[in-house]
file my_file_20.txt (compact mmCIF, C-alpha atoms and all ligand atoms)
# COMPACT_ATOMS: atom_id res chain seq x y z
CA MET A 1 48.01 84.04 117.77
CA ILE A 2 48.17 85.09 114.12
CA PRO A 3 45.32 84.10 111.81
CA GLY A 4 47.29 81.24 110.26
CA PRO A 5 49.44 79.33 110.30
CA ILE A 6 48.14 78.65 113.78
CA GLU A 7 49.57 76.61 116.64
CA PHE A 8 49.20 72.89 115.90
CA ALA A 9 48.40 69.94 118.18
CA PRO A 10 51.45 67.82 119.17
CA GLU A 11 49.79 64.70 117.72
CA VAL A 12 49.59 66.49 114.35
CA MET A 13 53.24 67.59 114.48
CA GLU A 14 54.27 64.03 115.32
CA LYS A 15 52.77 62.87 112.03
CA MET A 16 54.66 65.62 110.19
CA GLY A 17 57.92 64.33 111.64
CA GLN A 18 57.46 60.66 110.79
CA PRO A 19 59.50 59.09 107.98
CA THR A 20 57.70 59.70 104.70
CA ILE A 21 56.19 56.47 103.42
CA SER A 22 55.31 55.49 99.86
CA LEU A 23 52.24 57.06 98.32
CA LEU A 24 51.30 53.49 97.38
CA ALA A 25 51.60 52.08 100.91
CA PRO A 26 48.27 50.55 102.04
CA VAL A 27 48.49 52.50 105.31
CA PHE A 28 48.74 55.77 103.39
CA ILE A 29 45.88 54.88 101.08
CA GLU A 30 43.78 54.15 104.16
CA SER A 31 44.70 57.55 105.67
CA PHE A 32 43.80 59.33 102.44
CA GLY A 33 40.46 57.50 102.22
CA ARG A 34 39.64 58.31 105.83
CA CYS A 35 40.48 61.99 105.27
CA LEU A 36 38.02 62.10 102.38
CA GLU A 37 35.30 60.52 104.53
CA MET A 38 35.92 62.78 107.52
CA MET A 39 35.99 65.82 105.26
CA ARG A 40 32.37 65.13 104.27
CA GLU A 41 31.43 65.03 107.96
CA ILE A 42 33.23 68.26 108.84
CA TRP A 43 31.86 70.16 105.84
CA GLN A 44 28.45 68.58 106.64
CA CYS A 45 28.17 67.60 103.01
CA PRO A 46 27.42 63.88 102.77
CA SER A 47 26.85 63.89 98.99
CA GLY A 48 29.79 66.19 98.19
CA GLN A 49 32.99 65.28 96.39
CA PRO A 50 36.07 66.21 98.42
CA PHE A 51 39.40 67.12 96.84
CA ILE A 52 42.58 67.06 98.92
CA VAL A 53 45.50 68.45 96.95
CA ALA A 54 48.92 69.98 97.66
CA GLY A 55 48.58 73.74 97.54
CA SER A 56 47.65 76.70 99.70
CA GLY A 57 44.26 78.35 100.12
CA THR A 58 44.82 80.40 96.99
CA PHE A 59 45.14 77.18 95.05
CA ALA A 60 41.84 75.97 96.54
CA MET A 61 40.29 79.22 95.24
CA ASP A 62 41.97 78.54 91.90
CA MET A 63 40.65 74.98 91.72
CA ALA A 64 37.06 76.01 92.39
CA GLY A 65 37.28 79.06 90.12
CA SER A 66 39.00 77.42 87.15
CA ASN A 67 36.74 74.37 87.08
CA LEU A 68 33.55 76.41 87.19
CA THR A 69 34.32 79.28 84.83
CA GLU A 70 34.67 79.46 81.08
CA VAL A 71 35.59 82.48 79.00
CA GLY A 72 32.72 84.99 78.98
CA ASP A 73 30.90 83.65 82.06
CA HIS A 74 29.49 86.31 84.35
CA VAL A 75 30.60 85.97 87.96
CA LEU A 76 29.48 88.00 90.96
CA VAL A 77 32.15 88.45 93.63
CA VAL A 78 30.73 89.56 96.97
CA SER A 79 33.72 90.97 98.78
CA THR A 80 34.31 91.85 102.40
CA GLY A 81 38.02 92.54 102.06
CA TYR A 82 41.34 91.56 100.55
CA PHE A 83 40.42 87.95 99.72
CA GLY A 84 37.26 88.87 97.85
CA GLU A 85 39.30 91.18 95.67
CA ARG A 86 41.77 88.35 95.14
CA TYR A 87 38.92 86.14 93.92
CA ALA A 88 37.87 88.77 91.41
CA GLU A 89 41.42 88.99 90.00
CA LEU A 90 41.77 85.21 89.89
CA LEU A 91 38.50 84.68 88.00
CA LYS A 92 39.42 87.30 85.40
CA ARG A 93 42.42 85.14 84.47
CA TYR A 94 39.98 82.45 83.35
CA GLY A 95 38.11 84.89 81.14
CA ALA A 96 35.20 85.54 83.52
CA LYS A 97 33.30 88.80 83.32
CA VAL A 98 33.53 89.77 86.96
CA THR A 99 31.25 92.14 88.84
CA LEU A 100 32.72 93.05 92.20
CA LEU A 101 30.39 94.10 95.01
CA GLN A 102 32.73 95.55 97.60
CA ALA A 103 31.49 96.09 101.16
CA ALA A 104 32.46 99.17 103.13
CA ILE A 105 35.41 98.42 105.42
CA GLY A 106 34.22 96.39 108.41
CA ASP A 107 30.80 95.79 106.92
CA VAL A 108 29.03 93.29 104.64
CA VAL A 109 27.33 93.81 101.28
CA PRO A 110 23.59 94.11 102.00
CA LEU A 111 21.46 91.21 100.74
CA GLU A 112 19.32 93.60 98.68
CA LYS A 113 22.37 94.70 96.70
CA VAL A 114 23.33 91.09 96.01
CA GLU A 115 19.77 90.25 94.98
CA ALA A 116 19.59 93.29 92.70
CA GLU A 117 22.63 91.95 90.82
CA LEU A 118 21.57 88.30 90.74
CA SER A 119 18.10 89.20 89.49
CA LYS A 120 19.69 90.49 86.26
CA GLY A 121 19.82 86.81 85.31
CA ILE A 122 23.27 86.91 83.72
CA TYR A 123 25.34 85.22 86.39
CA LYS A 124 26.65 81.67 86.36
CA LEU A 125 28.58 81.88 89.61
CA MET A 126 28.82 83.86 92.84
CA THR A 127 31.68 83.87 95.34
CA LEU A 128 31.51 84.77 99.02
CA THR A 129 34.12 84.97 101.75
CA HIS A 130 32.81 83.41 104.96
CA VAL A 131 35.36 85.21 107.11
CA ASP A 132 37.64 87.71 105.41
CA THR A 133 40.94 87.45 107.25
CA SER A 134 41.89 90.98 106.30
CA THR A 135 38.90 92.60 108.02
CA GLY A 136 37.55 89.98 110.46
CA VAL A 137 34.11 90.36 108.89
CA PHE A 138 31.80 87.34 109.03
CA VAL A 139 29.22 86.79 106.29
CA ALA A 140 26.17 84.68 107.17
CA PRO A 141 26.27 82.32 104.19
CA LYS A 142 22.79 80.78 104.33
CA ALA A 143 20.86 83.88 103.25
CA MET A 144 23.35 84.48 100.42
CA ALA A 145 23.18 80.83 99.35
CA ASP A 146 19.36 81.06 99.32
CA LEU A 147 19.64 83.91 96.84
CA ALA A 148 22.03 81.91 94.66
CA LEU A 149 19.54 79.03 94.66
CA LYS A 150 16.65 81.39 93.88
CA TYR A 151 18.43 82.73 90.78
CA ASN A 152 20.01 79.40 89.83
CA VAL A 153 23.57 80.63 90.28
CA LEU A 154 26.43 78.40 91.48
CA SER A 155 28.01 79.46 94.76
CA ILE A 156 31.57 79.21 96.06
CA LEU A 157 32.26 79.91 99.72
CA ASP A 158 35.84 80.82 100.64
CA GLY A 159 35.99 79.16 104.04
CA VAL A 160 39.77 79.46 104.46
CA CYS A 161 39.33 81.33 107.73
CA SER A 162 36.20 79.50 108.92
CA VAL A 163 36.01 75.79 108.12
CA ALA A 164 36.30 73.76 111.36
CA GLY A 165 36.04 76.97 113.40
CA GLN A 166 32.62 78.33 112.41
CA GLU A 167 29.52 76.35 111.56
CA ILE A 168 29.14 75.30 107.94
CA LYS A 169 26.30 73.06 106.76
CA GLN A 170 27.26 72.96 103.11
CA GLU A 171 24.60 70.52 101.96
CA GLU A 172 21.71 71.91 104.02
CA TRP A 173 22.59 75.46 103.02
CA GLY A 174 22.92 74.49 99.35
CA ILE A 175 26.42 75.87 98.77
CA ASP A 176 28.11 74.38 95.72
CA VAL A 177 31.77 74.62 96.68
CA VAL A 178 33.35 75.25 100.07
CA ILE A 179 37.10 75.65 100.07
CA THR A 180 39.74 75.93 102.75
CA ALA A 181 43.42 75.36 103.46
CA SER A 182 45.10 73.30 106.15
CA GLN A 183 46.86 75.99 108.19
CA LYS A 184 43.94 77.63 109.95
CA ALA A 185 41.09 76.07 111.96
CA VAL A 186 41.66 72.71 110.21
CA GLY A 187 44.87 72.55 112.27
CA VAL A 188 47.59 71.22 109.94
CA PRO A 189 50.74 73.04 108.73
CA PRO A 190 50.43 74.96 105.47
CA GLY A 191 50.38 72.98 102.24
CA LEU A 192 46.93 71.44 101.71
CA ALA A 193 44.13 72.87 99.58
CA LEU A 194 40.77 71.37 100.56
CA VAL A 195 37.81 71.69 98.22
CA MET A 196 34.32 70.19 98.56
CA ALA A 197 32.15 70.20 95.44
CA SER A 198 28.41 69.52 95.41
CA PRO A 199 26.87 67.20 92.79
CA LYS A 200 25.54 70.35 91.08
CA ALA A 201 29.05 71.84 90.89
CA LEU A 202 30.39 68.61 89.40
CA SER A 203 27.65 68.45 86.82
CA ALA A 204 28.29 72.10 85.87
CA TRP A 205 31.94 71.17 85.40
CA LYS A 206 31.02 68.09 83.34
CA GLY A 207 28.85 70.25 81.09
CA ARG A 208 31.69 72.61 80.14
CA ASN A 209 32.27 73.39 76.47
CA THR A 210 35.99 74.06 76.86
CA PRO A 211 38.81 72.38 78.81
CA VAL A 212 39.72 73.74 82.24
CA ALA A 213 42.42 76.34 81.69
CA ASN A 214 44.44 75.30 84.74
CA TYR A 215 46.08 71.90 84.19
CA TYR A 216 47.05 71.20 87.82
CA ALA A 217 43.61 72.22 89.13
CA ASP A 218 41.53 70.34 86.54
CA TRP A 219 39.02 68.00 88.23
CA GLU A 220 39.49 65.70 85.21
CA ASN A 221 42.89 64.91 86.68
CA TRP A 222 41.86 64.78 90.34
CA LEU A 223 38.44 63.17 90.38
CA PRO A 224 39.74 59.65 89.61
CA VAL A 225 42.41 60.07 92.31
CA MET A 226 39.83 61.00 94.95
CA GLN A 227 37.34 58.34 93.86
CA THR A 228 40.00 55.63 93.83
CA HIS A 229 41.31 56.56 97.28
CA GLN A 230 37.75 56.55 98.61
CA ALA A 231 37.55 52.95 97.37
CA ARG A 232 41.00 52.31 98.90
CA GLY A 233 42.67 51.78 95.53
CA ILE A 234 45.86 53.08 93.91
CA SER A 235 45.68 56.07 91.58
CA TYR A 236 48.23 58.72 90.68
CA PHE A 237 48.06 62.13 89.07
CA ALA A 238 50.59 64.20 91.03
CA THR A 239 52.53 63.24 94.15
CA PRO A 240 50.42 63.73 97.27
CA PRO A 241 51.99 65.48 100.28
CA VAL A 242 52.16 62.25 102.27
CA ASN A 243 53.01 63.64 105.73
CA LEU A 244 50.49 66.46 105.45
CA ILE A 245 47.71 64.03 104.58
CA GLN A 246 48.62 61.77 107.50
CA ALA A 247 48.65 64.84 109.74
CA LEU A 248 45.27 65.83 108.32
CA GLU A 249 43.85 62.44 109.29
CA THR A 250 44.98 63.06 112.88
CA SER A 251 43.64 66.61 112.97
CA PHE A 252 40.27 65.57 111.48
CA GLU A 253 40.06 62.83 114.16
CA LEU A 254 40.71 65.41 116.88
CA ILE A 255 38.07 67.73 115.40
CA LEU A 256 35.43 65.00 115.25
CA LYS A 257 36.35 63.72 118.70
CA GLU A 258 35.71 67.18 120.13
CA GLY A 259 32.46 67.33 118.12
CA LEU A 260 31.51 70.05 115.66
CA GLU A 261 28.97 71.82 117.88
CA PRO A 262 31.26 71.99 120.95
CA ARG A 263 34.13 73.12 118.73
CA PHE A 264 32.13 75.93 117.14
CA ASN A 265 30.83 76.96 120.57
CA ARG A 266 34.36 77.02 121.99
CA HIS A 267 35.51 79.30 119.18
CA GLU A 268 32.54 81.59 119.76
CA ARG A 269 33.00 81.73 123.53
CA LEU A 270 36.75 82.42 123.31
CA ALA A 271 36.23 85.09 120.65
CA GLU A 272 33.64 86.81 122.82
CA ASN A 273 35.78 86.62 125.96
CA PHE A 274 38.75 88.04 124.11
CA ARG A 275 36.79 90.93 122.61
CA GLU A 276 35.27 91.77 125.98
CA GLU A 277 38.79 92.04 127.41
CA MET A 278 39.91 94.17 124.49
CA SER A 279 36.93 96.45 124.73
CA ARG A 280 37.61 96.91 128.46
CA MET A 281 41.09 98.08 127.45
CA GLY A 282 39.47 100.57 125.07
CA PHE A 283 40.23 98.90 121.73
CA GLN A 284 37.82 99.54 118.90
CA SER A 285 36.96 96.73 116.48
CA VAL A 286 37.40 97.18 112.73
CA VAL A 287 34.14 95.24 112.31
CA ARG A 288 31.14 97.53 112.52
CA SER A 289 28.77 95.43 114.61
CA SER A 290 29.05 92.43 116.88
CA GLU A 291 26.94 90.04 114.76
CA LEU A 292 29.40 90.57 111.88
CA GLN A 293 32.42 89.60 113.96
CA ALA A 294 34.19 86.35 113.13
CA HIS A 295 34.80 83.71 115.77
CA THR A 296 38.18 82.80 114.31
CA LEU A 297 39.96 86.16 114.44
CA SER A 298 39.54 89.68 115.78
CA THR A 299 40.67 92.96 114.28
CA PHE A 300 41.21 96.21 116.16
CA PHE A 301 42.38 99.71 115.35
CA PHE A 302 45.49 100.85 117.16
CA PRO A 303 44.43 103.34 119.82
CA GLU A 304 45.24 106.99 119.28
CA GLY A 305 48.94 107.68 119.85
CA VAL A 306 50.05 104.05 119.63
CA VAL A 307 52.80 103.33 117.13
CA GLY A 308 51.75 100.09 115.40
CA PRO A 309 55.04 98.30 114.67
CA GLU A 310 56.42 99.24 118.11
CA PHE A 311 53.27 97.96 119.80
CA LEU A 312 53.32 94.61 117.93
CA LYS A 313 56.99 94.22 118.84
CA ARG A 314 56.24 94.77 122.51
CA VAL A 315 53.39 92.25 122.43
CA ALA A 316 55.83 89.74 120.91
CA GLU A 317 58.38 90.53 123.63
CA ASN A 318 55.63 89.65 126.10
CA GLY A 319 55.50 86.19 124.51
CA VAL A 320 52.58 86.45 122.07
CA VAL A 321 52.83 86.88 118.31
CA ILE A 322 49.95 88.75 116.68
CA ALA A 323 49.58 90.09 113.14
CA GLY A 324 49.61 93.56 111.62
CA GLY A 325 47.09 94.87 109.10
CA LEU A 326 46.53 93.44 105.61
CA LEU A 327 43.83 95.50 103.93
CA PRO A 328 45.76 98.19 101.98
CA GLU A 329 43.32 101.03 102.79
CA ILE A 330 43.89 100.74 106.58
CA LYS A 331 46.99 98.53 106.71
CA THR A 332 48.98 100.63 109.16
CA ARG A 333 46.02 101.52 111.38
CA TYR A 334 44.95 98.12 112.71
CA PHE A 335 46.08 94.67 113.84
CA ARG A 336 44.74 91.14 113.79
CA VAL A 337 44.62 88.37 116.38
CA GLY A 338 43.80 84.79 115.39
CA HIS A 339 42.02 82.50 117.83
CA MET A 340 41.30 79.21 116.16
CA GLY A 341 42.18 75.53 116.25
CA ILE A 342 43.55 74.34 119.57
CA VAL A 343 43.13 77.78 121.15
CA ASN A 344 42.04 77.74 124.81
CA ASP A 345 41.22 80.06 127.72
CA GLU A 346 44.86 80.28 128.73
CA HIS A 347 45.90 81.48 125.25
CA ILE A 348 43.24 84.18 125.39
CA ARG A 349 44.24 85.24 128.91
CA ARG A 350 47.93 85.44 128.01
CA THR A 351 47.23 87.31 124.77
CA ALA A 352 45.11 89.92 126.54
CA GLU A 353 47.78 90.21 129.22
CA ALA A 354 50.58 90.70 126.65
CA ILE A 355 48.53 93.38 124.90
CA LYS A 356 47.77 95.13 128.19
CA LEU A 357 51.45 95.22 129.12
CA ALA A 358 52.44 96.51 125.69
CA LEU A 359 49.80 99.20 125.91
CA SER A 360 50.94 100.45 129.30
CA ALA A 361 54.56 100.54 128.09
CA GLN A 362 53.57 102.85 125.26
CA TYR A 363 52.69 105.72 127.53
N1 LIG B 401 41.04 83.25 101.65
C1 LIG B 401 41.07 83.66 102.92
C2 LIG B 401 39.83 84.08 103.59
C3 LIG B 401 42.30 83.67 103.59
O1 LIG B 401 42.35 84.07 104.85
C4 LIG B 401 43.47 83.27 102.93
C5 LIG B 401 44.82 83.26 103.61
N2 LIG B 401 45.00 84.04 104.70
C6 LIG B 401 43.36 82.85 101.61
C7 LIG B 401 42.12 82.86 101.01
C8 LIG B 401 44.55 82.43 100.83
O2 LIG B 401 45.14 81.31 101.41
P1 LIG B 401 46.71 81.01 101.28
O3 LIG B 401 47.44 82.12 101.93
O4 LIG B 401 46.84 79.70 102.01
O5 LIG B 401 47.00 80.89 99.84
call {"tool": "encode", "arguments": {"input": "my_file_20.txt", "output": "structure tokens", "more": "lines below"}}
Ligand code: PMP
result
Amino acid sequence: MIPGPIEFAPEVMEKMGQPTISLLAPVFIESFGRCLEMMREIWQCPSGQPFIVAGSGTFAMDMAGSNLTEVGDHVLVVSTGYFGERYAELLKRYGAKVTLLQAAIGDVVPLEKVEAELSKGIYKLMTLTHVDTSTGVFVAPKAMADLALKYNVLSILDGVCSVAGQEIKQEEWGIDVVITASQKAVGVPPGLALVMASPKALSAWKGRNTPVANYYADWENWLPVMQTHQARGISYFATPPVNLIQALETSFELILKEGLEPRFNRHERLAENFREEMSRMGFQSVVRSSELQAHTLSTFFFPEGVVGPEFLKRVAENGVVIAGGLLPEIKTRYFRVGHMGIVNDEHIRRTAEAIKLALSAQY
């Protein structure tokens, strides 16, 4: 029950264990093509261009960031934790002039603050973290995306801890790039960076004056590969992670079979049930109010007198693995529980039970 890598469906793991076939095999090309098609459905972005590339979520951030920034571009990073700060550092490497709007711990940056920055008219790009895995804070992306549209700024949504677990309507909401990685709600072992670019993002990239500074991430190299696989043809830039892509096809099928609405509702219901249990036990959430709480993970302060590492060890001895803190400012004072992907009522019940037992053993 950590916030990624999560527990994976047996059908997905079966694909991981199959003999690795040629990247040129027609059956693999079909899988790749189907993944690209299903990705548009899951991101709810019918006119978007998907990119499926070997790499982790940080590489997905890198791909979006490096293709859309040139030296001297102004970028606004709206941060709700550790991963927002990471985006700021990453974009500086590409020569961006970064303004970081950092939320108070457990809170979001108010819309008025974001608007006050965007209205300066200097920004080319804005980044948001849908769910920051370090804090468990959820940002409602539509209102932020509306502001980006109003001021003609490109938007990148880091959906590493949300895609396929929380609703995203990329096209309707007008977000230019939504990125994720395979190991969270998408439900595939770590190793895939998944990036969906809007037509506007692609035309911004095409209009660059300078080459993309990251060779492996450059859409120049990847666009023909994606377009050719969509058309079920052969194209090579760098070796695709064959088993991971076949596993992705299976996981995407499972996601669409469940249906996006029912899947998002299940995540919401389980998150709420879990937090009710935790609040009954007296745990206090790191997130300041319930409408800012993610559906994919929960974060709680250790109660007074509880020794963090000892507590996490006891929970693990009770059969459930949960995660410690990540945000440096409060790292030793809180813990994180992931509940995404194939998570069900029984997982939630057993997690709450393991925590309850560990808590009683502390005193
Ligand atoms: N963004 C968010 C919101 C994340 O949760 C993570 C990983 N936990 C990343 C980016 C980076 O992904 P990765 O660890 O796969 O590089």
call {"tool": "residues_near_ligand", "arguments": {"input": "my_file_20.txt", "ligand": "ligand LIG 401 (chain B)", "cutoff": "6 Å", "atoms": "only C-alpha atoms and all ligand atoms", "output": "PyMOL selection string"}}
result
chain A and resi 56-58+83+131-133+158+160-161+181
call {"tool": "atom_distance", "arguments": {"input": "my_file_20.txt", "atom1": "atom CA of Pro303 of chain A", "atom2": "atom CA of Gly282 of chain A"}}
result
7.7 Å
call {"tool": "atom_distance", "arguments": {"input": "my_file_20.txt", "atom1": "atom CA of Asn318 of chain A", "atom2": "atom CA of Ala354 of chain A"}}
result
5.2 Å
call {"tool": "closest_residue", "arguments": {"input": "my_file_20.txt", "among": "A:Ser298, A:Asn152, A:Thr239, A:Thr20", "to": "Leu118 of chain A", "atoms": "all atoms listed in the file"}}
result
A:Asn152
call {"tool": "residues_near_point", "arguments": {"input": "my_file_20.txt", "point": "(37.9, 84.0, 80.2)", "cutoff": "10 Å", "atoms": "all atoms listed in the file", "output": "list of chain:residue names"}}
result
A:Ser66, A:Thr69, A:Glu70, A:Val71, A:Gly72, A:Asp73, A:His74, A:Leu91, A:Lys92, A:Arg93, A:Tyr94, A:Gly95, A:Ala96, A:Lys97, A:Val98, A:Ala213
call {"tool": "closest_residue", "arguments": {"input": "my_file_20.txt", "among": "A:Glu171, A:Glu253, A:Glu276, A:Glu11", "to": "Pro199 of chain A", "atoms": "all atoms listed in the file"}}
result
A:Glu171
call {"tool": "residues_around", "arguments": {"input": "my_file_20.txt", "residues": "Ser235 of chain A", "least_positions_apart": "5", "cutoff": "8 Å", "atoms": "only C-alpha atoms", "output": "PyMOL selection string"}}
result
chain A and resi 224-225+228-229
call {"tool": "decode", "arguments": {"input": "my_file_20.txt", "residues": "segment 290-320 of chain A", "atoms": "C-alpha atoms", "output": "mmCIF file, in the first residue's frame"}}
result
data_model
loop_
_atom_site.group_PDB
_atom_site.id
_atom_site.type_symbol
_atom_site.label_atom_id
_atom_site.label_comp_id
_atom_site.auth_asym_id
_atom_site.auth_seq_id
_atom_site.Cartn_x
_atom_site.Cartn_y
_atom_site.Cartn_z
ATOM 1 C CA SER A 290 -11.127 17.312 2.700
ATOM 2 C CA GLU A 291 -11.709 18.744 -0.802
ATOM 3 C CA LEU A 292 -7.918 18.956 -1.248
ATOM 4 C CA GLN A 293 -7.366 15.293 -0.424
ATOM 5 C CA ALA A 294 -6.235 12.988 -3.213
ATOM 6 C CA HIS A 295 -8.136 9.813 -4.024
ATOM 7 C CA THR A 296 -4.940 7.922 -4.800
ATOM 8 C CA LEU A 297 -3.049 8.293 -1.526
ATOM 9 C CA SER A 298 -3.500 9.546 2.020
ATOM 10 C CA THR A 299 -0.995 11.227 4.308
ATOM 11 C CA PHE A 300 -1.179 11.406 8.091
ATOM 12 C CA PHE A 301 0.928 12.785 10.894
ATOM 13 C CA PHE A 302 2.182 10.245 13.400
ATOM 14 C CA PRO A 303 0.171 10.688 16.587
ATOM 15 C CA GLU A 304 1.880 12.228 19.581
ATOM 16 C CA GLY A 305 4.282 9.769 21.218
ATOM 17 C CA VAL A 306 4.442 7.374 18.275
ATOM 18 C CA VAL A 307 7.925 6.574 17.010
ATOM 19 C CA GLY A 308 7.648 6.659 13.201
ATOM 20 C CA PRO A 309 10.102 3.980 12.018
ATOM 21 C CA GLU A 310 8.984 1.604 14.787
ATOM 22 C CA PHE A 311 5.331 2.142 13.870
ATOM 23 C CA LEU A 312 5.913 1.514 10.134
ATOM 24 C CA LYS A 313 7.839 -1.644 11.015
ATOM 25 C CA ARG A 314 4.953 -2.918 13.120
ATOM 26 C CA VAL A 315 2.443 -2.196 10.351
ATOM 27 C CA ALA A 316 4.667 -4.213 7.992
ATOM 28 C CA GLU A 317 4.833 -7.051 10.531
ATOM 29 C CA ASN A 318 1.039 -7.015 10.416
ATOM 30 C CA GLY A 319 1.273 -7.729 6.684
ATOM 31 C CA VAL A 320 0.884 -4.288 5.098
#
